[in-house]
file work.csv (CSV, C-alpha atoms)
chain,number,residue,atom,x,y,z
A,715,MET,CA,-16.4,17.0,-5.8
A,716,ASP,CA,-18.1,14.0,-7.4
A,717,TRP,CA,-14.9,12.1,-7.8
A,718,LEU,CA,-14.3,12.3,-4.0
A,719,ASP,CA,-17.7,10.7,-3.4
A,720,LYS,CA,-16.6,7.7,-5.4
A,721,VAL,CA,-14.1,6.8,-2.6
A,722,LYS,CA,-15.7,4.5,0.0
A,723,TRP,CA,-14.6,6.4,3.1
A,724,PRO,CA,-14.6,4.1,6.1
A,725,ALA,CA,-16.1,5.0,9.5
A,726,ASP,CA,-12.9,6.6,10.7
A,727,GLY,CA,-12.6,8.6,7.4
A,728,LEU,CA,-9.2,7.3,6.5
A,729,VAL,CA,-8.0,5.3,3.5
A,730,PRO,CA,-4.5,4.0,2.9
A,731,ALA,CA,-2.5,5.8,0.2
A,732,ILE,CA,0.5,4.1,-1.3
A,733,ALA,CA,3.2,6.3,-2.9
A,734,GLN,CA,5.1,4.6,-5.7
A,735,GLU,CA,8.0,6.3,-7.4
A,736,ALA,CA,7.6,7.1,-11.1
A,737,GLY,CA,10.4,5.6,-13.2
A,738,SER,CA,11.9,3.3,-10.6
A,739,GLY,CA,8.6,1.8,-9.6
A,740,ARG,CA,9.8,1.6,-6.0
A,741,VAL,CA,7.1,1.7,-3.3
A,742,LEU,CA,8.2,4.5,-1.0
A,743,SER,CA,5.6,4.9,1.7
A,744,LEU,CA,2.1,4.2,2.9
A,745,ALA,CA,0.3,6.9,4.7
A,746,TRP,CA,-3.4,7.8,5.4
A,747,MET,CA,-5.8,10.2,3.7
A,748,ASN,CA,-9.0,11.7,4.7
A,749,ARG,CA,-11.3,13.4,2.2
A,750,GLU,CA,-9.6,16.8,2.6
A,751,ALA,CA,-6.1,15.3,2.2
A,752,LEU,CA,-7.0,13.6,-1.1
A,753,GLN,CA,-8.7,16.8,-2.3
A,754,ARG,CA,-5.6,18.9,-1.5
A,755,THR,CA,-3.3,16.3,-3.0
A,756,VAL,CA,-5.1,16.5,-6.3
A,757,GLU,CA,-5.6,20.3,-6.3
A,758,SER,CA,-2.0,21.1,-5.3
A,759,GLY,CA,-0.2,18.3,-7.1
A,760,GLU,CA,1.7,17.4,-3.9
A,761,ALA,CA,0.9,14.6,-1.5
A,762,HIS,CA,-1.1,15.5,1.6
A,763,TYR,CA,-1.9,13.0,4.3
A,764,TRP,CA,-3.7,12.8,7.6
A,765,SER,CA,-1.1,12.3,10.4
A,766,ARG,CA,-2.7,9.7,12.8
A,767,SER,CA,0.0,10.5,15.4
A,768,ARG,CA,-0.3,14.3,15.3
A,769,LYS,CA,-4.0,14.2,14.4
A,770,LYS,CA,-3.7,16.8,11.7
A,771,LEU,CA,-3.5,17.4,8.0
A,772,TRP,CA,0.1,16.9,6.9
A,773,HIS,CA,1.7,18.2,3.7
A,774,LYS,CA,4.5,15.7,3.3
A,775,GLY,CA,7.8,17.4,3.0
A,776,GLU,CA,6.6,20.6,4.7
A,777,GLU,CA,9.6,20.4,7.1
A,778,SER,CA,12.1,18.3,5.2
A,779,GLY,CA,11.5,19.7,1.7
A,780,HIS,CA,11.0,16.0,0.6
A,781,VAL,CA,7.6,16.6,-1.1
A,782,GLN,CA,6.0,14.1,-3.3
A,783,LYS,CA,5.0,15.5,-6.7
A,784,ILE,CA,1.9,13.8,-8.1
A,785,LYS,CA,2.1,12.2,-11.5
A,786,SER,CA,-1.1,10.1,-11.3
A,787,VAL,CA,-3.8,9.0,-8.8
A,788,ARG,CA,-5.4,5.6,-8.9
A,789,LEU,CA,-8.1,3.9,-6.9
A,790,ASP,CA,-8.5,0.1,-6.4
A,791,CYS,CA,-11.4,-2.2,-7.2
A,792,ASP,CA,-13.0,-1.8,-3.7
A,793,GLU,CA,-12.6,2.0,-3.9
A,794,ASP,CA,-11.0,2.3,-0.6
A,795,VAL,CA,-7.2,2.4,-1.3
A,796,VAL,CA,-5.4,5.1,-3.2
A,797,LEU,CA,-2.2,4.6,-5.3
A,798,LEU,CA,-0.1,7.7,-6.0
A,799,GLU,CA,2.6,7.8,-8.7
A,800,VAL,CA,5.0,10.3,-7.4
A,801,GLU,CA,8.3,12.1,-8.1
A,802,GLN,CA,10.1,12.1,-4.7
A,803,ARG,CA,12.0,15.3,-4.1
A,804,GLY,CA,15.4,14.8,-2.6
A,805,GLY,CA,15.1,11.0,-3.3
A,806,ILE,CA,14.2,10.5,0.4
A,807,ALA,CA,10.7,9.4,1.4
A,808,CYS,CA,11.5,8.1,4.9
A,809,HIS,CA,11.9,10.2,8.1
A,810,THR,CA,14.9,7.9,8.8
A,811,GLY,CA,16.7,9.5,5.8
A,812,ARG,CA,16.3,6.4,3.5
A,813,HIS,CA,14.9,6.3,0.0
A,814,SER,CA,11.9,4.1,0.9
A,815,CYS,CA,10.1,3.5,4.2
A,816,PHE,CA,10.2,-0.2,3.4
A,817,TYR,CA,13.8,-0.8,4.3
A,818,GLN,CA,13.4,-3.7,6.7
A,819,GLN,CA,13.4,-7.2,5.0
A,820,LEU,CA,12.6,-10.5,6.6
A,821,LYS,CA,15.6,-12.8,6.3
A,822,ASP,CA,15.8,-16.1,8.2
A,823,GLY,CA,13.3,-15.0,10.8
A,824,GLN,CA,14.9,-11.6,11.4
A,825,TRP,CA,14.1,-8.1,10.1
A,826,VAL,CA,17.2,-6.7,8.5
A,827,ALA,CA,17.7,-3.1,7.4
A,828,VAL,CA,18.7,-3.5,3.7
A,829,GLU,CA,18.8,0.1,2.6
A,830,PRO,CA,21.3,2.8,3.6
A,831,VAL,CA,20.6,6.1,5.3
A,832,LEU,CA,21.2,8.7,2.6
A,833,LYS,CA,21.0,11.7,4.9
A,834,ASP,CA,21.2,12.1,8.7
A,835,PRO,CA,17.7,12.9,9.9
A,836,ARG,CA,19.2,15.6,12.2
A,837,GLU,CA,20.4,17.3,9.1
A,838,ILE,CA,17.0,16.8,7.3
A,839,TYR,CA,15.0,18.3,10.1
A,840,GLY,CA,17.5,20.7,11.4
A,841,LYS,CA,17.5,19.4,15.0
B,316,MET,CA,7.7,-16.1,16.6
B,317,ASP,CA,9.9,-13.1,17.6
B,318,TRP,CA,9.7,-11.5,14.1
B,319,LEU,CA,5.9,-11.4,14.4
B,320,ASP,CA,6.3,-9.4,17.6
B,321,LYS,CA,8.2,-6.7,15.8
B,322,VAL,CA,5.1,-5.7,13.9
B,323,LYS,CA,3.1,-3.1,15.7
B,324,TRP,CA,-0.3,-4.7,15.5
B,325,PRO,CA,-3.0,-2.1,15.9
B,326,ALA,CA,-6.1,-2.4,18.2
B,327,ASP,CA,-8.1,-4.2,15.5
B,328,GLY,CA,-5.2,-6.5,14.8
B,329,LEU,CA,-4.9,-5.7,11.1
B,330,VAL,CA,-2.1,-4.1,9.1
B,331,PRO,CA,-2.2,-3.2,5.4
B,332,ALA,CA,-0.2,-5.5,3.1
B,333,ILE,CA,0.8,-4.2,-0.3
B,334,ALA,CA,1.5,-6.8,-3.0
B,335,GLN,CA,4.0,-5.7,-5.6
B,336,GLU,CA,4.9,-7.8,-8.7
B,337,ALA,CA,8.5,-8.9,-9.0
B,338,GLY,CA,10.0,-7.9,-12.3
B,339,SER,CA,7.4,-5.4,-13.4
B,340,GLY,CA,7.2,-3.5,-10.1
B,341,ARG,CA,3.5,-3.1,-10.6
B,342,VAL,CA,1.5,-2.6,-7.4
B,343,LEU,CA,-1.2,-5.3,-7.7
B,344,SER,CA,-3.3,-5.2,-4.5
B,345,LEU,CA,-3.6,-4.0,-1.0
B,346,ALA,CA,-5.3,-6.4,1.5
B,347,TRP,CA,-5.2,-6.8,5.3
B,348,MET,CA,-3.2,-9.2,7.5
B,349,ASN,CA,-3.6,-10.2,11.0
B,350,ARG,CA,-0.8,-12.0,12.8
B,351,GLU,CA,-1.9,-15.5,11.7
B,352,ALA,CA,-2.2,-14.3,8.0
B,353,LEU,CA,1.4,-13.0,8.1
B,354,GLN,CA,2.7,-16.1,9.8
B,355,ARG,CA,1.0,-18.4,7.2
B,356,THR,CA,2.2,-16.2,4.4
B,357,VAL,CA,5.8,-16.6,5.4
B,358,GLU,CA,5.6,-20.3,6.3
B,359,SER,CA,3.7,-21.3,3.2
B,360,GLY,CA,5.3,-18.9,0.7
B,361,GLU,CA,1.9,-17.8,-0.5
B,362,ALA,CA,0.0,-14.7,0.4
B,363,HIS,CA,-2.7,-15.1,3.1
B,364,TYR,CA,-4.9,-12.2,4.2
B,365,TRP,CA,-7.7,-11.5,6.6
B,366,SER,CA,-10.9,-10.9,4.6
B,367,ARG,CA,-12.7,-8.0,6.3
B,368,SER,CA,-15.9,-8.7,4.4
B,369,ARG,CA,-16.0,-12.4,5.1
B,370,LYS,CA,-14.3,-12.1,8.5
B,371,LYS,CA,-12.0,-15.0,7.9
B,372,LEU,CA,-8.5,-16.0,6.9
B,373,TRP,CA,-8.2,-16.0,3.2
B,374,HIS,CA,-5.6,-17.8,1.1
B,375,LYS,CA,-5.6,-15.5,-1.9
B,376,GLY,CA,-6.1,-17.6,-5.0
B,377,GLU,CA,-7.8,-20.5,-3.2
B,378,GLU,CA,-10.8,-20.3,-5.6
B,379,SER,CA,-9.3,-18.7,-8.7
B,380,GLY,CA,-5.9,-20.3,-8.6
B,381,HIS,CA,-4.4,-16.8,-8.8
B,382,VAL,CA,-2.1,-17.3,-5.8
B,383,GLN,CA,0.7,-14.8,-5.0
B,384,LYS,CA,4.1,-16.6,-4.5
B,385,ILE,CA,6.2,-14.7,-2.0
B,386,LYS,CA,9.7,-13.5,-3.1
B,387,SER,CA,10.3,-11.2,-0.2
B,388,VAL,CA,8.6,-9.6,2.8
B,389,ARG,CA,9.4,-6.0,4.0
B,390,LEU,CA,8.2,-3.9,6.9
B,391,ASP,CA,8.0,-0.1,6.9
B,392,CYS,CA,9.7,2.3,9.3
B,393,ASP,CA,6.6,2.5,11.6
B,394,GLU,CA,6.4,-1.3,11.6
B,395,ASP,CA,2.7,-1.4,10.8
B,396,VAL,CA,2.7,-1.9,7.0
B,397,VAL,CA,3.9,-4.9,5.1
B,398,LEU,CA,5.2,-4.9,1.5
B,399,LEU,CA,5.2,-8.2,-0.3
B,400,GLU,CA,7.2,-8.9,-3.4
B,401,VAL,CA,5.2,-11.5,-5.3
B,402,GLU,CA,5.0,-13.6,-8.4
B,403,GLN,CA,1.3,-13.4,-9.5
B,404,ARG,CA,0.0,-16.7,-10.8
B,405,GLY,CA,-2.2,-16.3,-13.9
B,406,GLY,CA,-1.1,-12.6,-14.1
B,407,ILE,CA,-4.4,-11.6,-12.5
B,408,ALA,CA,-4.5,-10.1,-9.0
B,409,CYS,CA,-8.0,-8.5,-9.2
B,410,HIS,CA,-11.3,-10.2,-8.8
B,411,THR,CA,-12.6,-8.2,-11.8
B,412,GLY,CA,-10.2,-10.2,-14.0
B,413,ARG,CA,-7.6,-7.4,-14.3
B,414,HIS,CA,-3.8,-7.6,-13.8
B,415,SER,CA,-3.9,-5.0,-10.9
B,416,CYS,CA,-6.6,-3.9,-8.5
B,417,PHE,CA,-5.6,-0.3,-9.2
B,418,TYR,CA,-7.2,0.0,-12.6
B,419,GLN,CA,-9.1,3.3,-12.0
B,420,GLN,CA,-7.2,6.5,-12.7
B,421,LEU,CA,-8.3,10.0,-12.0
B,422,LYS,CA,-8.5,12.0,-15.3
B,423,ASP,CA,-10.0,15.4,-15.4
B,424,GLY,CA,-12.1,14.8,-12.3
B,425,GLN,CA,-13.3,11.4,-13.4
B,426,TRP,CA,-12.2,7.9,-12.4
B,427,VAL,CA,-11.5,6.0,-15.7
B,428,ALA,CA,-10.8,2.3,-16.0
B,429,VAL,CA,-7.4,2.2,-17.7
B,430,GLU,CA,-6.7,-1.5,-17.7
B,431,PRO,CA,-8.4,-4.3,-19.7
B,432,VAL,CA,-10.2,-7.3,-18.2
B,433,LEU,CA,-8.0,-10.2,-19.1
B,434,LYS,CA,-10.4,-12.9,-18.1
B,435,ASP,CA,-14.1,-12.9,-17.4
B,436,PRO,CA,-14.7,-13.2,-13.7
B,437,ARG,CA,-17.5,-15.8,-14.3
B,438,GLU,CA,-14.8,-17.9,-16.0
B,439,ILE,CA,-12.3,-17.4,-13.2
B,440,TYR,CA,-14.7,-18.3,-10.4
B,441,GLY,CA,-16.7,-20.8,-12.4
B,442,LYS,CA,-20.1,-19.2,-11.7
call {"tool": "encode", "arguments": {"input": "work.csv", "output": "structure tokens"}}
result
Amino acid sequence: MDWLDKVKWPADGLVPAIAQEAGSGRVLSLAWMNREALQRTVESGEAHYWSRSRKKLWHKGEESGHVQKIKSVRLDCDEDVVLLEVEQRGGIACHTGRHSCFYQQLKDGQWVAVEPVLKDPREIYGK
Amino acid sequence: MDWLDKVKWPADGLVPAIAQEAGSGRVLSLAWMNREALQRTVESGEAHYWSRSRKKLWHKGEESGHVQKIKSVRLDCDEDVVLLEVEQRGGIACHTGRHSCFYQQLKDGQWVAVEPVLKDPREIYGK
């Protein structure tokens, strides 16, 4: 895959991948991709990442159903960051049940949760 | 600074910081912040990063004038990624003279430059 060679994979093999929602333009999540994750993302049309905590390939939404359908894939000028334009199934990208993972905002020296939980995580993950 | 302690700084001390343009919602850049960079960003109201290539603190726009004025600062659910809402001075975030750093798009197995150069980098950097 020539296009995979264009990416400047760092020593640990992982590049950041930003998921931005088509239409709304909201930044939903940042996760990490190795070469295989990016290849599977493009081939399947659904976001795959490398889970650093579980140390394995991760098809986002495999448990929750909240997959990210790929609309476009971009690469930055340094060729070591990926930007995905996605359609977020279920409207929930975050494991906390929120639309976006970036729900904490700095206000007067405090991080404040500024987005509602749309669905109880226990319900999402069936626990 | 209590709010700086909330960030889960990794072993190398650097977290990814996404800059998203207020209004347009365009993702402009991803750069890296250490603790000092994030503190200076919040205190000065202009984006500061850690330059991994130059190994020093970097006030973005210090040479080009293309500073990023901070409108809001967010943190993700894992508390190790920062999302900045910015006003991009000069309308150019990329050192190639383009609006966004994410100007290469994957099309039919090829990375294609899909955004124009708005200003010649030699003109921007006076070289």
call {"tool": "atom_distance", "arguments": {"input": "work.csv", "atom1": "atom CA of B:Ala346", "atom2": "atom CA of B:Val330"}}
result
8.6 Å
call {"tool": "closest_residue", "arguments": {"input": "work.csv", "among": "A:His809, A:Leu744, A:Gln802, A:Val831", "to": "B:Ala332", "atoms": "only C-alpha atoms"}}
result
A:Leu744
call {"tool": "atom_distance", "arguments": {"input": "work.csv", "atom1": "atom CA of A:Asp794", "atom2": "atom CA of A:Trp723"}}
result
6.6 Å
call {"tool": "residues_around", "arguments": {"input": "work.csv", "residues": "stretch 769-779 of chain A", "least_positions_apart": "5", "cutoff": "10 Å", "atoms": "all atoms listed in the file", "output": "PDB file with C-alpha atoms, in the coordinates of the input"}}
result
ATOM      1  CA  ALA A 745       0.300   6.900   4.700  1.00  0.00           C
ATOM      2  CA  TRP A 746      -3.400   7.800   5.400  1.00  0.00           C
ATOM      3  CA  MET A 747      -5.800  10.200   3.700  1.00  0.00           C
ATOM      4  CA  ASN A 748      -9.000  11.700   4.700  1.00  0.00           C
ATOM      5  CA  GLU A 750      -9.600  16.800   2.600  1.00  0.00           C
ATOM      6  CA  ALA A 751      -6.100  15.300   2.200  1.00  0.00           C
ATOM      7  CA  ARG A 754      -5.600  18.900  -1.500  1.00  0.00           C
ATOM      8  CA  THR A 755      -3.300  16.300  -3.000  1.00  0.00           C
ATOM      9  CA  GLU A 760       1.700  17.400  -3.900  1.00  0.00           C
ATOM     10  CA  ALA A 761       0.900  14.600  -1.500  1.00  0.00           C
ATOM     11  CA  HIS A 762      -1.100  15.500   1.600  1.00  0.00           C
ATOM     12  CA  TYR A 763      -1.900  13.000   4.300  1.00  0.00           C
ATOM     13  CA  TRP A 764      -3.700  12.800   7.600  1.00  0.00           C
ATOM     14  CA  GLN A 802      10.100  12.100  -4.700  1.00  0.00           C
ATOM     15  CA  ARG A 803      12.000  15.300  -4.100  1.00  0.00           C
ATOM     16  CA  GLY A 804      15.400  14.800  -2.600  1.00  0.00           C
ATOM     17  CA  ILE A 806      14.200  10.500   0.400  1.00  0.00           C
ATOM     18  CA  ALA A 807      10.700   9.400   1.400  1.00  0.00           C
ATOM     19  CA  HIS A 809      11.900  10.200   8.100  1.00  0.00           C
ATOM     20  CA  GLY A 811      16.700   9.500   5.800  1.00  0.00           C
ATOM     21  CA  PRO A 835      17.700  12.900   9.900  1.00  0.00           C
ATOM     22  CA  GLU A 837      20.400  17.300   9.100  1.00  0.00           C
ATOM     23  CA  ILE A 838      17.000  16.800   7.300  1.00  0.00           C
ATOM     24  CA  TYR A 839      15.000  18.300  10.100  1.00  0.00           C
ATOM     25  CA  GLY A 840      17.500  20.700  11.400  1.00  0.00           C
TER      26      GLY A 840
END
call {"tool": "calpha_fit_and_write", "arguments": {"input": "work.csv", "fixed": "chain A", "moving": "chain B", "output": "short mmCIF file (atom, residue, chain, number, x, y, z; two decimals) with C-alpha atoms, keeping the file's coordinate frame"}}
result
data_model
loop_
_atom_site.label_atom_id
_atom_site.label_comp_id
_atom_site.auth_asym_id
_atom_site.auth_seq_id
_atom_site.Cartn_x
_atom_site.Cartn_y
_atom_site.Cartn_z
CA MET B 316 -16.40 17.10 -5.75
CA ASP B 317 -18.12 14.04 -7.35
CA TRP B 318 -14.82 12.09 -7.72
CA LEU B 319 -14.28 12.36 -3.95
CA ASP B 320 -17.66 10.70 -3.45
CA LYS B 321 -16.56 7.66 -5.38
CA VAL B 322 -14.12 6.73 -2.65
CA LYS B 323 -15.66 4.53 -0.05
CA TRP B 324 -14.58 6.39 3.04
CA PRO B 325 -14.60 4.10 6.03
CA ALA B 326 -16.13 4.92 9.49
CA ASP B 327 -12.90 6.58 10.67
CA GLY B 328 -12.66 8.53 7.45
CA LEU B 329 -9.20 7.30 6.47
CA VAL B 330 -8.02 5.25 3.51
CA PRO B 331 -4.48 3.96 2.92
CA ALA B 332 -2.48 5.81 0.25
CA ILE B 333 0.48 4.06 -1.30
CA ALA B 334 3.18 6.27 -2.83
CA GLN B 335 5.06 4.68 -5.69
CA GLU B 336 8.06 6.33 -7.44
CA ALA B 337 7.65 7.07 -11.12
CA GLY B 338 10.44 5.59 -13.17
CA SER B 339 11.86 3.22 -10.60
CA GLY B 340 8.53 1.72 -9.50
CA ARG B 341 9.80 1.59 -5.97
CA VAL B 342 7.08 1.63 -3.30
CA LEU B 343 8.21 4.50 -1.03
CA SER B 344 5.55 4.94 1.69
CA LEU B 345 2.11 4.17 2.85
CA ALA B 346 0.27 6.97 4.76
CA TRP B 347 -3.40 7.77 5.42
CA MET B 348 -5.77 10.22 3.68
CA ASN B 349 -8.99 11.63 4.69
CA ARG B 350 -11.20 13.36 2.16
CA GLU B 351 -9.58 16.80 2.61
CA ALA B 352 -6.02 15.23 2.25
CA LEU B 353 -7.03 13.64 -1.08
CA GLN B 354 -8.69 16.78 -2.32
CA ARG B 355 -5.59 18.92 -1.47
CA THR B 356 -3.33 16.33 -2.99
CA VAL B 357 -5.06 16.52 -6.32
CA GLU B 358 -5.56 20.30 -6.34
CA SER B 359 -2.04 21.12 -5.25
CA GLY B 360 -0.18 18.32 -7.07
CA GLU B 361 1.64 17.40 -3.90
CA ALA B 362 0.91 14.60 -1.52
CA HIS B 363 -1.08 15.53 1.62
CA TYR B 364 -1.92 12.97 4.31
CA TRP B 365 -3.70 12.79 7.61
CA SER B 366 -1.11 12.26 10.36
CA ARG B 367 -2.62 9.73 12.79
CA SER B 368 0.00 10.50 15.42
CA ARG B 369 -0.33 14.24 15.26
CA LYS B 370 -4.04 14.17 14.36
CA LYS B 371 -3.70 16.78 11.68
CA LEU B 372 -3.42 17.35 7.96
CA TRP B 373 0.11 16.91 6.89
CA HIS B 374 1.74 18.24 3.72
CA LYS B 375 4.45 15.63 3.34
CA GLY B 376 7.76 17.41 2.95
CA GLU B 377 6.64 20.63 4.66
CA GLU B 378 9.61 20.43 7.09
CA SER B 379 12.15 18.37 5.16
CA GLY B 380 11.45 19.67 1.70
CA HIS B 381 11.00 16.05 0.58
CA VAL B 382 7.63 16.67 -1.07
CA GLN B 383 6.01 14.04 -3.35
CA LYS B 384 4.94 15.58 -6.75
CA ILE B 385 1.88 13.79 -8.05
CA LYS B 386 2.07 12.17 -11.55
CA SER B 387 -1.09 10.16 -11.27
CA VAL B 388 -3.77 9.06 -8.82
CA ARG B 389 -5.43 5.56 -8.95
CA LEU B 390 -8.17 3.90 -6.94
CA ASP B 391 -8.46 0.16 -6.33
CA CYS B 392 -11.38 -2.10 -7.21
CA ASP B 393 -12.95 -1.77 -3.70
CA GLU B 394 -12.57 2.01 -3.92
CA ASP B 395 -10.97 2.34 -0.50
CA VAL B 396 -7.23 2.42 -1.36
CA VAL B 397 -5.38 5.07 -3.25
CA LEU B 398 -2.17 4.56 -5.27
CA LEU B 399 -0.13 7.63 -6.01
CA GLU B 400 2.50 7.81 -8.68
CA VAL B 401 5.02 10.35 -7.42
CA GLU B 402 8.26 12.10 -8.11
CA GLN B 403 10.13 12.11 -4.73
CA ARG B 404 11.97 15.34 -4.10
CA GLY B 405 15.43 14.80 -2.57
CA GLY B 406 15.05 11.02 -3.28
CA ILE B 407 14.14 10.49 0.38
CA ALA B 408 10.63 9.40 1.37
CA CYS B 409 11.45 8.10 4.91
CA HIS B 410 11.94 10.12 8.01
CA THR B 411 14.96 7.92 8.86
CA GLY B 412 16.75 9.45 5.85
CA ARG B 413 16.22 6.42 3.57
CA HIS B 414 14.91 6.34 -0.04
CA SER B 415 11.89 4.09 0.95
CA CYS B 416 10.05 3.50 4.20
CA PHE B 417 10.19 -0.22 3.47
CA TYR B 418 13.82 -0.76 4.35
CA GLN B 419 13.36 -3.79 6.68
CA GLN B 420 13.34 -7.20 5.04
CA LEU B 421 12.59 -10.49 6.64
CA LYS B 422 15.67 -12.82 6.36
CA ASP B 423 15.79 -16.07 8.17
CA GLY B 424 13.30 -14.95 10.79
CA GLN B 425 14.93 -11.60 11.35
CA TRP B 426 14.03 -8.12 10.11
CA VAL B 427 17.25 -6.66 8.53
CA ALA B 428 17.71 -3.09 7.38
CA VAL B 429 18.62 -3.48 3.71
CA GLU B 430 18.80 0.12 2.62
CA PRO B 431 21.36 2.82 3.55
CA VAL B 432 20.57 6.12 5.28
CA LEU B 433 21.22 8.70 2.64
CA LYS B 434 21.01 11.69 4.89
CA ASP B 435 21.15 12.09 8.63
CA PRO B 436 17.71 12.85 9.96
CA ARG B 437 19.14 15.60 12.26
CA GLU B 438 20.39 17.26 9.05
CA ILE B 439 17.07 16.85 7.27
CA TYR B 440 14.96 18.26 10.09
CA GLY B 441 17.56 20.69 11.34
CA LYS B 442 17.49 19.48 14.96
#
call {"tool": "atom_distance", "arguments": {"input": "work.csv", "atom1": "atom CA of A:His780", "atom2": "atom CA of A:Asp726"}}
result
27.6 Å
call {"tool": "closest_residue", "arguments": {"input": "work.csv", "among": "B:Ala334, B:Val401, B:Val322, B:Leu390", "to": "chain A", "atoms": "all atoms listed in the file"}}
result
B:Leu390
call {"tool": "interface_residues", "arguments": {"input": "work.csv", "of": "chain B", "to": "chain A", "cutoff": "6 Å", "atoms": "all atoms listed in the file", "output": "count of residues only"}}
result
14
call {"tool": "closest_residue", "arguments": {"input": "work.csv", "among": "B:Pro431, B:Pro325, B:Gly406, B:Gly338", "to": "B:Arg350", "atoms": "all atoms listed in the file"}}
result
B:Pro325
call {"tool": "decode", "arguments": {"input": "work.csv", "residues": "stretch 371-389 of chain B", "atoms": "N, CA and C atoms", "output": "PDB file, in the first residue's frame"}}
result
ATOM      1  N   LYS B 371      11.937  23.012  21.799  1.00  0.00           N
ATOM      2  CA  LYS B 371      11.773  24.199  22.638  1.00  0.00           C
ATOM      3  C   LYS B 371      10.342  24.697  22.591  1.00  0.00           C
ATOM      4  N   LEU B 372      10.010  25.519  23.566  1.00  0.00           N
ATOM      5  CA  LEU B 372       8.694  26.125  23.613  1.00  0.00           C
ATOM      6  C   LEU B 372       8.529  27.008  22.388  1.00  0.00           C
ATOM      7  N   TRP B 373       7.308  27.012  21.855  1.00  0.00           N
ATOM      8  CA  TRP B 373       7.081  27.664  20.570  1.00  0.00           C
ATOM      9  C   TRP B 373       5.774  28.435  20.659  1.00  0.00           C
ATOM     10  N   HIS B 374       5.896  29.749  20.552  1.00  0.00           N
ATOM     11  CA  HIS B 374       4.713  30.607  20.489  1.00  0.00           C
ATOM     12  C   HIS B 374       4.292  30.657  19.025  1.00  0.00           C
ATOM     13  N   LYS B 375       3.258  29.911  18.682  1.00  0.00           N
ATOM     14  CA  LYS B 375       2.884  29.799  17.266  1.00  0.00           C
ATOM     15  C   LYS B 375       2.584  31.177  16.689  1.00  0.00           C
ATOM     16  N   GLY B 376       3.214  31.476  15.561  1.00  0.00           N
ATOM     17  CA  GLY B 376       3.017  32.780  14.930  1.00  0.00           C
ATOM     18  C   GLY B 376       4.097  33.785  15.285  1.00  0.00           C
ATOM     19  N   GLU B 377       5.056  33.358  16.112  1.00  0.00           N
ATOM     20  CA  GLU B 377       6.102  34.304  16.567  1.00  0.00           C
ATOM     21  C   GLU B 377       6.913  34.848  15.385  1.00  0.00           C
ATOM     22  N   GLU B 378       7.077  34.023  14.335  1.00  0.00           N
ATOM     23  CA  GLU B 378       7.800  34.493  13.140  1.00  0.00           C
ATOM     24  C   GLU B 378       6.852  35.022  12.068  1.00  0.00           C
ATOM     25  N   SER B 379       5.760  34.279  11.865  1.00  0.00           N
ATOM     26  CA  SER B 379       4.858  34.561  10.740  1.00  0.00           C
ATOM     27  C   SER B 379       3.805  35.607  11.067  1.00  0.00           C
ATOM     28  N   GLY B 380       3.562  35.824  12.353  1.00  0.00           N
ATOM     29  CA  GLY B 380       2.444  36.680  12.754  1.00  0.00           C
ATOM     30  C   GLY B 380       1.122  35.924  12.804  1.00  0.00           C
ATOM     31  N   HIS B 381       1.134  34.666  12.371  1.00  0.00           N
ATOM     32  CA  HIS B 381      -0.094  33.862  12.322  1.00  0.00           C
ATOM     33  C   HIS B 381      -0.379  33.212  13.668  1.00  0.00           C
ATOM     34  N   VAL B 382      -0.610  34.050  14.660  1.00  0.00           N
ATOM     35  CA  VAL B 382      -0.903  33.537  15.996  1.00  0.00           C
ATOM     36  C   VAL B 382      -2.321  32.977  16.040  1.00  0.00           C
ATOM     37  N   GLN B 383      -2.550  32.125  17.037  1.00  0.00           N
ATOM     38  CA  GLN B 383      -3.876  31.555  17.260  1.00  0.00           C
ATOM     39  C   GLN B 383      -4.425  32.127  18.562  1.00  0.00           C
ATOM     40  N   LYS B 384      -5.436  32.974  18.460  1.00  0.00           N
ATOM     41  CA  LYS B 384      -6.074  33.583  19.630  1.00  0.00           C
ATOM     42  C   LYS B 384      -7.044  32.573  20.231  1.00  0.00           C
ATOM     43  N   ILE B 385      -6.955  32.378  21.516  1.00  0.00           N
ATOM     44  CA  ILE B 385      -7.743  31.326  22.188  1.00  0.00           C
ATOM     45  C   ILE B 385      -9.140  31.822  22.548  1.00  0.00           C
ATOM     46  N   LYS B 386     -10.145  31.067  22.105  1.00  0.00           N
ATOM     47  CA  LYS B 386     -11.528  31.366  22.471  1.00  0.00           C
ATOM     48  C   LYS B 386     -12.002  30.420  23.589  1.00  0.00           C
ATOM     49  N   SER B 387     -11.579  29.167  23.529  1.00  0.00           N
ATOM     50  CA  SER B 387     -11.905  28.230  24.599  1.00  0.00           C
ATOM     51  C   SER B 387     -10.900  27.091  24.599  1.00  0.00           C
ATOM     52  N   VAL B 388     -10.819  26.405  25.745  1.00  0.00           N
ATOM     53  CA  VAL B 388      -9.910  25.273  25.915  1.00  0.00           C
ATOM     54  C   VAL B 388     -10.717  24.117  26.476  1.00  0.00           C
ATOM     55  N   ARG B 389     -10.617  22.975  25.811  1.00  0.00           N
ATOM     56  CA  ARG B 389     -11.336  21.788  26.277  1.00  0.00           C
ATOM     57  C   ARG B 389     -10.375  20.630  26.485  1.00  0.00           C
TER      58      ARG B 389
END
